[in-house]
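Okay, so here's the structure we're looking at.
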Amino acid sequence: MLHTSSQPYASITITMDDLAPPSKYVTLVSGDGFEFVVLREAAMVSPIIKGMLDPRSQFVEAQHARCVFQEMSGTVLDKVVEYFHYWYRYKDSEDVPDMDIPVELCLELLAAADYLGLDQANMSTK
Amino acid sequence: MADQHSLIRTRSRRYDENQNGRPSRNITGPQSALTDFLASHNISAAQIRIEADRRRQQAGQGESTEENNVSEVVETVETVSVTVEASSSTSRTTRGRNTAALDKIKASKAFKKRKKMADDDDDDDDIALAIFEERRAPLPGQMENCEICGKRFTVTPYSVAGPDGGLLCAPCGREIAKEREGQPKKKPRKQTGGVGSRRTIQSRMLDGDVGTKSLATLCVQTLAKNVDLAESLGDLPEHLIDKIARIFSKRRLLKPDTLPLFMQPSTEVLHIYDGAKLGHQEFISIFQVASNLKKFKVRCAVQFKDEVMDYLLSRDIPLESFYLHGANLLSEEKWHEFLAAKGKSLKELQVYFTDRHFGDETLGLMKGCCPQLTRLKVCHNQKVTDAGVTAIGQLSSLRHLSLELLQDLSSEALKSCITQIGKDLVTLSLKRVPDADDSVLDAIHDNCRSLAKLRITESEAMTDNGFTRLFADWENSSLEFVDFQKCRQLDAAHPRENPKNIGLCSEGFKALMNHSGRTLRHVNVHACRNISREAFEEAFNETTQYPELRHLEISFCEEVTDFILGCIFRACPNIKEVNVFGCMKVKEVRVPRGVILIGVPNAQGMITEGTD
């Protein structure tokens with residue numbers, strides 16, 4: 001797994017302004033301050049994150065490669081990040097095992113998935 | 001012990017005799033052809049059988065002598081010193097023999113195979129031991145001591161294994177079986193490769209999912225697996241609730257105790273995709289709880305009876321959308337009362353499988369009762385006839401009209417309906433209209449100006465000319481959804497001939513793609529079998545582009561070839577699914593990744609590009 005969950009408010013400073021090619025990784029931050037460093041290509045499956053990080057947009061997120069999700073808790077974002085890597089790993093295979101979803105997180109995760117556009121119709125799989 | 005050995009010796013001597021003595025041919029009964037053949041090659045079937053018996057018995061003998069040794073040790077208390085020594089030596093030797101056997105097993109093929117199958121955390125020794133135990137287990141027909149009660153019994157193929165791996169006698173076995181019954185069985189391992197995996201993939205493809213599922217789907221599936229744990233769905237957005245409601249119907253999960261998940265006093269939209277387990281009391285409770293209901297949809301609403309409708313009529317719920325499927329206990333009078341009481345606010349009415357209780361009279365009432373009605377769908381109805389369809393022509397507010405009636409409709413009725421309301425229709429769906437002919441198509445051509453979805457299925461009278469005329473210079477804007485399934489000539493005596501060009505044929509198909517190709521998302525020409533190869537090749541030639549096309553159903557179009565499919569994949573960059581059941585000329589087309597090709601007429605199924 002590539003994501004690292006650090007303590008709340010640990011400082012990972014990425015300065016993207018002067019680097020020409022964007023970093024291969026992006027940082028996703030949960031509402032309670034957990035930070036996850038994720039492969040950019042994997043996170044791009046979410047059309048919302050893709051939009052946030054579009055270099056042509058002048059969003060702060062795009063400039064710093066860092067997205068903050070105020071309404072998501074660390075545990076939910078952890079699962080979302082796990083899904084990004086699950087998707088990235090299996091995107092080119094046909095027979096794929098289902099990812100386990102903890103029952104207690106189910107509804108929160110569903111809301112998060114909806115927010116991030118992670119449903120069949122919206123996912124930017126190509 | 002000595003007796004035992006001597007017994008063996010005598011027995012073996014007897015076998016030796018048998019072995020040496022060739023069977024005499026003095027008296028022979030009927031012989032099988034095989035025995036005769038073998039005899040002619042100087043091979044004796046009897047000999048083979050005797051030898052096999054001997055080997056089997058020897059194996060059994062070895063087992064039982066060993067067993068006897070041990071049991072004797074326990075029994076004879078007087079000769080302690082001697083037996084202890086003996087037993088320890090035997091146990092040592094058996095252990096020595098066992099380790100040798102285990103090593104042998106570890107080197108065997110069966111072991112490697114099993115090791116591959118087993119999880120990684122299983123110890124080598126455990127696996128080898130398991131195989132060893134299996135091989136050592138007494139064969140059916142032999143005697144064995146029960147592991148629990150110690151009694152001797154005859155081993156059968158049904159003998160149950162005890163807790164320590166030994167076998168149990170019938171009474172103990174029954175006890176154990178009873179105890180084990182309560183325990184959950186081990187989950188079968190999910191197939192991950194080899195035999196069956198290809199079929200699993202193909203089956204998933206038919207369900208429409210290839211590769212990774214979306215996170216939302218995974219969540220909804222997990223939720224459906226644990227319905228009983230959910231207390232409420234919280235305030236999820238409407239489309240997610242709908243998604244959950246849909247998946248509930250897949251396993252008939254909607255029961256009186258799960259219904260409350262979907263209804264709150266604030267609920268405005270209620271979609272039940274399988275209400276078969278709900279009684280009439282539950283339906284009444286829906287209207288008690290959700291007093292703000294605007295859109296109501298139930299499929300398989302068998303218990304939606306007169307009482308329920310009475311209750312609904314007694315409440316002040318201004319329904320905008322009413323969708324009822326399978327409510328064939330609801331009488332026609334109640335429908336009339338419903339239209340009279342609730343028709344004013346009604347915008348959408350969809351009625352499916354109502355048997356004989358929704359007919360021409362009901363449709364006739366709508367003109368006066370439902371001034372706002374924009375969507376009307378009557379499906380699988382046995383009562384509505386031409387008169388009802390003509391009455392629909394009076395509903396000038398209609399935008400969407402779908403009919404699937406079991407009474408054959410005449411072209412005149414359809415024409416009069418389309419002429420009156422065709423101008424504003426966005427959806428026109430006429431399923432199973434065998435008698436409708438070209439005049440209906442002409443009426444559509446002359447009147448419809450806003451259609452986006454057009455469906456005419458199973459017409460046996462419309463001709464290629466009619467379809468060509470429809471699309472030629474049609475003032476209607478480009479369509480998005482077209483379904484001309486089974487519009488074709490049917491003649492059992494001359495199945496191959498189509499002199500009158502009945503059905504959607506080459507020219508009609510080209511005209512359709514020419515008129516609407518730009519915006520079409522969904523095309524169904526299932527079983528329009530007179531569309532020629534040239535027509536397909538022309539419609540999907542190298543200069544065409546159908547950017548919106550997602551679903552293409554060309555099953556039973558006999559002329560579809562690998563080349564045509566290749567052209568389709570090229571011309572439709574966003575295509576998701578192509579159905580080619582019964583297209584026997586499709587052989588081994590390579591399908592681009594992300595596209596699903598269903599119904600390839602060979603065992604291999606679709607071949608994704610770049611996988612071979």
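In the structure tokens, the first chain shown is A, the next is B, and so on; residue numbers restart at 1 for each chain, and ligands run from 1 in the order shown.
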
Quiz item: What residues in chain A lie within 12 Å of chain B, counting only C-alpha atoms, written as a VMD selection string?
Solution: chain A and resid 45 to 46 76 79 to 126

Can I get the selected residues back with C-alpha atoms, as a tab-separated table (two decimals), in the first residue's frame?
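Okay, this is what ended up in result_34.tsv:
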chain	number	residue	atom	x	y	z
A	45	VAL	CA	-10.63	7.66	-11.23
A	46	SER	CA	-12.82	10.06	-9.32
A	76	VAL	CA	-13.85	6.69	5.43
A	79	LYS	CA	-11.30	3.09	2.58
A	80	VAL	CA	-11.69	5.45	-0.35
A	81	VAL	CA	-7.93	5.50	-0.81
A	82	GLU	CA	-7.89	1.71	-0.54
A	83	TYR	CA	-10.47	1.65	-3.31
A	84	PHE	CA	-8.32	3.91	-5.50
A	85	HIS	CA	-5.50	1.42	-5.27
A	86	TYR	CA	-7.82	-1.53	-5.69
A	87	TRP	CA	-9.14	0.07	-8.85
A	88	TYR	CA	-5.66	0.95	-10.08
A	89	ARG	CA	-4.41	-2.56	-9.51
A	90	TYR	CA	-7.26	-4.32	-11.26
A	91	LYS	CA	-8.25	-1.79	-13.92
A	92	ASP	CA	-6.95	-3.93	-16.76
A	93	SER	CA	-7.99	-7.35	-15.54
A	94	GLU	CA	-11.24	-9.12	-16.15
A	95	ASP	CA	-11.69	-11.45	-13.22
A	96	VAL	CA	-11.56	-9.20	-10.20
A	97	PRO	CA	-12.25	-10.10	-6.57
A	98	ASP	CA	-14.64	-7.74	-4.81
A	99	MET	CA	-13.15	-5.36	-2.32
A	100	ASP	CA	-14.32	-5.86	1.24
A	101	ILE	CA	-16.43	-3.07	2.64
A	102	PRO	CA	-16.81	-2.98	6.43
A	103	VAL	CA	-20.50	-3.10	7.17
A	104	GLU	CA	-20.42	-0.30	9.72
A	105	LEU	CA	-18.84	2.09	7.22
A	106	CYS	CA	-21.21	1.13	4.44
A	107	LEU	CA	-23.56	4.10	4.44
A	108	GLU	CA	-20.91	6.75	5.09
A	109	LEU	CA	-18.77	5.26	2.37
A	110	LEU	CA	-21.71	5.20	0.00
A	111	ALA	CA	-22.29	8.90	0.56
A	112	ALA	CA	-18.57	9.56	0.04
A	113	ALA	CA	-18.55	7.44	-3.13
A	114	ASP	CA	-21.48	9.42	-4.41
A	115	TYR	CA	-19.77	12.70	-3.62
A	116	LEU	CA	-16.61	11.62	-5.40
A	117	GLY	CA	-18.54	10.35	-8.43
A	118	LEU	CA	-17.42	6.78	-7.90
A	119	ASP	CA	-20.36	5.09	-9.56
A	120	GLN	CA	-20.39	3.20	-12.82
A	121	ALA	CA	-21.92	6.00	-14.82
A	122	ASN	CA	-19.49	8.69	-13.70
A	123	MET	CA	-16.18	6.95	-13.13
A	124	SER	CA	-13.55	8.17	-15.55
A	125	THR	CA	-12.17	4.78	-16.37
A	126	LYS	CA	-10.62	5.68	-19.69

Item to check | Residue contacts of Val523 (chain B) (6 Å, only C-alpha atoms) excluding same-chain residues fewer than 2 positions away, as a PyMOL selection string | outcome: chain B and resi 482-483+552

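Near region 280-293 of chain B, within a cut-off of 6 Å and counting only C-alpha atoms, sit the residues Gln264, Pro265, Thr267, Glu268, Gln303, Phe304 and Val308 of chain B, with same-chain residues fewer than 3 positions away left out.
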
Checklist entry - Do you have the CA of Glu175 (chain B)-CA of Gly60 (chain B) distance handy? => result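 Rounded to one decimal, the two atoms are 27.2 Å apart.
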
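If you count only C-alpha atoms and ignore residues fewer than 5 places along the chain from Arg356 (chain B), what sits within 12 Å of it is Gly326, Ala327, Asn328, Leu329, Leu330, Ser331, Glu332, Glu333, Trp335, Val351, Glu361, Thr362, Cys379, His380, Asn381, Gln382, Lys383, Val384, Thr385, Leu405, Leu406 and Gln407 of chain B.
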
Self-check item: Picked from region 5-93 of chain A by DSSP as helix (DSSP H, G or I), as a VMD selection string
Solution: chain A and resid 40 to 43 47 to 53 60 to 64 74 to 90

Residues of the last selection are to be written out with C-alpha atoms, as a PDB file, in the first residue's frame.
ATOM      1  CA  ARG A  40      -2.146  10.574  -8.852  1.00  0.00           C
ATOM      2  CA  GLU A  41      -3.234   8.224 -11.597  1.00  0.00           C
ATOM      3  CA  ALA A  42      -5.219   6.117  -9.123  1.00  0.00           C
ATOM      4  CA  ALA A  43      -6.972   9.084  -7.562  1.00  0.00           C
ATOM      5  CA  PRO A  47     -14.085  12.718 -11.725  1.00  0.00           C
ATOM      6  CA  ILE A  48     -14.357  15.142  -8.806  1.00  0.00           C
ATOM      7  CA  ILE A  49     -10.721  14.777  -7.794  1.00  0.00           C
ATOM      8  CA  LYS A  50      -9.757  14.859 -11.448  1.00  0.00           C
ATOM      9  CA  GLY A  51     -11.528  18.171 -11.784  1.00  0.00           C
ATOM     10  CA  MET A  52      -9.923  19.525  -8.623  1.00  0.00           C
ATOM     11  CA  LEU A  53      -6.438  18.602  -9.791  1.00  0.00           C
ATOM     12  CA  VAL A  60      -5.534  25.793  -4.968  1.00  0.00           C
ATOM     13  CA  GLU A  61      -5.856  22.008  -4.956  1.00  0.00           C
ATOM     14  CA  ALA A  62      -4.255  21.772  -8.375  1.00  0.00           C
ATOM     15  CA  GLN A  63      -1.395  24.049  -7.433  1.00  0.00           C
ATOM     16  CA  HIS A  64      -0.509  22.189  -4.254  1.00  0.00           C
ATOM     17  CA  GLY A  74     -10.150   9.491   8.355  1.00  0.00           C
ATOM     18  CA  THR A  75     -11.624   5.994   8.409  1.00  0.00           C
ATOM     19  CA  VAL A  76     -13.846   6.693   5.428  1.00  0.00           C
ATOM     20  CA  LEU A  77     -11.088   8.370   3.435  1.00  0.00           C
ATOM     21  CA  ASP A  78      -8.844   5.435   4.296  1.00  0.00           C
ATOM     22  CA  LYS A  79     -11.302   3.085   2.583  1.00  0.00           C
ATOM     23  CA  VAL A  80     -11.694   5.450  -0.353  1.00  0.00           C
ATOM     24  CA  VAL A  81      -7.927   5.495  -0.808  1.00  0.00           C
ATOM     25  CA  GLU A  82      -7.890   1.715  -0.543  1.00  0.00           C
ATOM     26  CA  TYR A  83     -10.467   1.649  -3.310  1.00  0.00           C
ATOM     27  CA  PHE A  84      -8.320   3.908  -5.502  1.00  0.00           C
ATOM     28  CA  HIS A  85      -5.496   1.420  -5.266  1.00  0.00           C
ATOM     29  CA  TYR A  86      -7.824  -1.528  -5.694  1.00  0.00           C
ATOM     30  CA  TRP A  87      -9.135   0.075  -8.845  1.00  0.00           C
ATOM     31  CA  TYR A  88      -5.656   0.952 -10.083  1.00  0.00           C
ATOM     32  CA  ARG A  89      -4.405  -2.559  -9.509  1.00  0.00           C
ATOM     33  CA  TYR A  90      -7.260  -4.317 -11.258  1.00  0.00           C
TER      34      TYR A  90
END

Worksheet item: Can you list, as a PyMOL selection string, every protein, DNA or RNA residue that comes within 8 Å of region 578-588 of chain B when you count only C-alpha atoms, leaving out same-chain residues fewer than 6 positions away?
Response: chain B and resi 551-562+595-602+606-607

A straight line from CA of Ala245 (chain B) to CA of His325 (chain B) spans 15.7 Å

Which of region 227-442 of chain B DSSP labels strand (DSSP E), written as a PyMOL selection string:
chain B and resi 269-272+295-298+321-325+348-352+375-381+400-405+427-431

Just the selected residues (C-alpha atoms), exported as a PDB file, in the first residue's frame, please.
ATOM      1  CA  VAL B 269     -40.555   9.381  -3.745  1.00  0.00           C
ATOM      2  CA  LEU B 270     -41.091   5.721  -3.048  1.00  0.00           C
ATOM      3  CA  HIS B 271     -39.878   3.099  -5.477  1.00  0.00           C
ATOM      4  CA  ILE B 272     -40.497  -0.528  -4.611  1.00  0.00           C
ATOM      5  CA  LYS B 295     -44.176   9.605  -6.749  1.00  0.00           C
ATOM      6  CA  PHE B 296     -45.305   6.104  -5.982  1.00  0.00           C
ATOM      7  CA  LYS B 297     -44.027   3.055  -7.788  1.00  0.00           C
ATOM      8  CA  VAL B 298     -44.545  -0.591  -6.900  1.00  0.00           C
ATOM      9  CA  SER B 321     -46.796   9.826 -10.447  1.00  0.00           C
ATOM     10  CA  PHE B 322     -48.493   6.501  -9.998  1.00  0.00           C
ATOM     11  CA  TYR B 323     -46.873   3.298 -11.183  1.00  0.00           C
ATOM     12  CA  LEU B 324     -48.539   0.009 -10.430  1.00  0.00           C
ATOM     13  CA  HIS B 325     -47.338  -3.352 -11.648  1.00  0.00           C
ATOM     14  CA  GLU B 348     -47.639  10.162 -14.866  1.00  0.00           C
ATOM     15  CA  LEU B 349     -49.630   6.958 -14.900  1.00  0.00           C
ATOM     16  CA  GLN B 350     -48.058   3.604 -15.601  1.00  0.00           C
ATOM     17  CA  VAL B 351     -50.076   0.422 -15.349  1.00  0.00           C
ATOM     18  CA  TYR B 352     -48.614  -3.013 -15.958  1.00  0.00           C
ATOM     19  CA  ARG B 375     -46.877  10.199 -19.407  1.00  0.00           C
ATOM     20  CA  LEU B 376     -49.119   7.219 -19.978  1.00  0.00           C
ATOM     21  CA  LYS B 377     -47.965   3.645 -20.135  1.00  0.00           C
ATOM     22  CA  VAL B 378     -50.255   0.645 -20.394  1.00  0.00           C
ATOM     23  CA  CYS B 379     -48.406  -2.635 -20.580  1.00  0.00           C
ATOM     24  CA  HIS B 380     -49.435  -6.226 -20.897  1.00  0.00           C
ATOM     25  CA  ASN B 381     -53.082  -5.381 -20.823  1.00  0.00           C
ATOM     26  CA  HIS B 400     -44.816  10.099 -23.512  1.00  0.00           C
ATOM     27  CA  LEU B 401     -46.997   7.231 -24.679  1.00  0.00           C
ATOM     28  CA  SER B 402     -46.194   3.539 -24.359  1.00  0.00           C
ATOM     29  CA  LEU B 403     -48.545   0.726 -25.215  1.00  0.00           C
ATOM     30  CA  GLU B 404     -48.125  -3.001 -25.061  1.00  0.00           C
ATOM     31  CA  LEU B 405     -51.540  -4.521 -25.530  1.00  0.00           C
ATOM     32  CA  THR B 427     -41.727   9.110 -26.579  1.00  0.00           C
ATOM     33  CA  LEU B 428     -43.785   6.778 -28.713  1.00  0.00           C
ATOM     34  CA  SER B 429     -43.535   3.118 -27.902  1.00  0.00           C
ATOM     35  CA  LEU B 430     -45.797   0.585 -29.571  1.00  0.00           C
ATOM     36  CA  LYS B 431     -44.890  -2.910 -28.567  1.00  0.00           C
TER      37      LYS B 431
END

Go through B:Thr374, B:Gln420, B:Thr468, B:Ser410 one by one, measure the shortest atom-to-atom distance of each to Leu441 (chain B) using only C-alpha atoms, and give the residue with the smallest value.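 The shortest atom-to-atom distance to Leu441 (chain B) comes from B:Thr468.
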
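With CA of Leu139 (chain B) on one side and CA of Val155 (chain B) on the other, the separation reads 6.9 Å.
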
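Every protein, DNA or RNA residue with an atom at most 10 Å from Gln70 (chain A), where only C-alpha atoms count and chain neighbours fewer than 6 positions away do not, is listed here: Val29, Ser30, Gly31, Asp32 and Gly33 of chain A.
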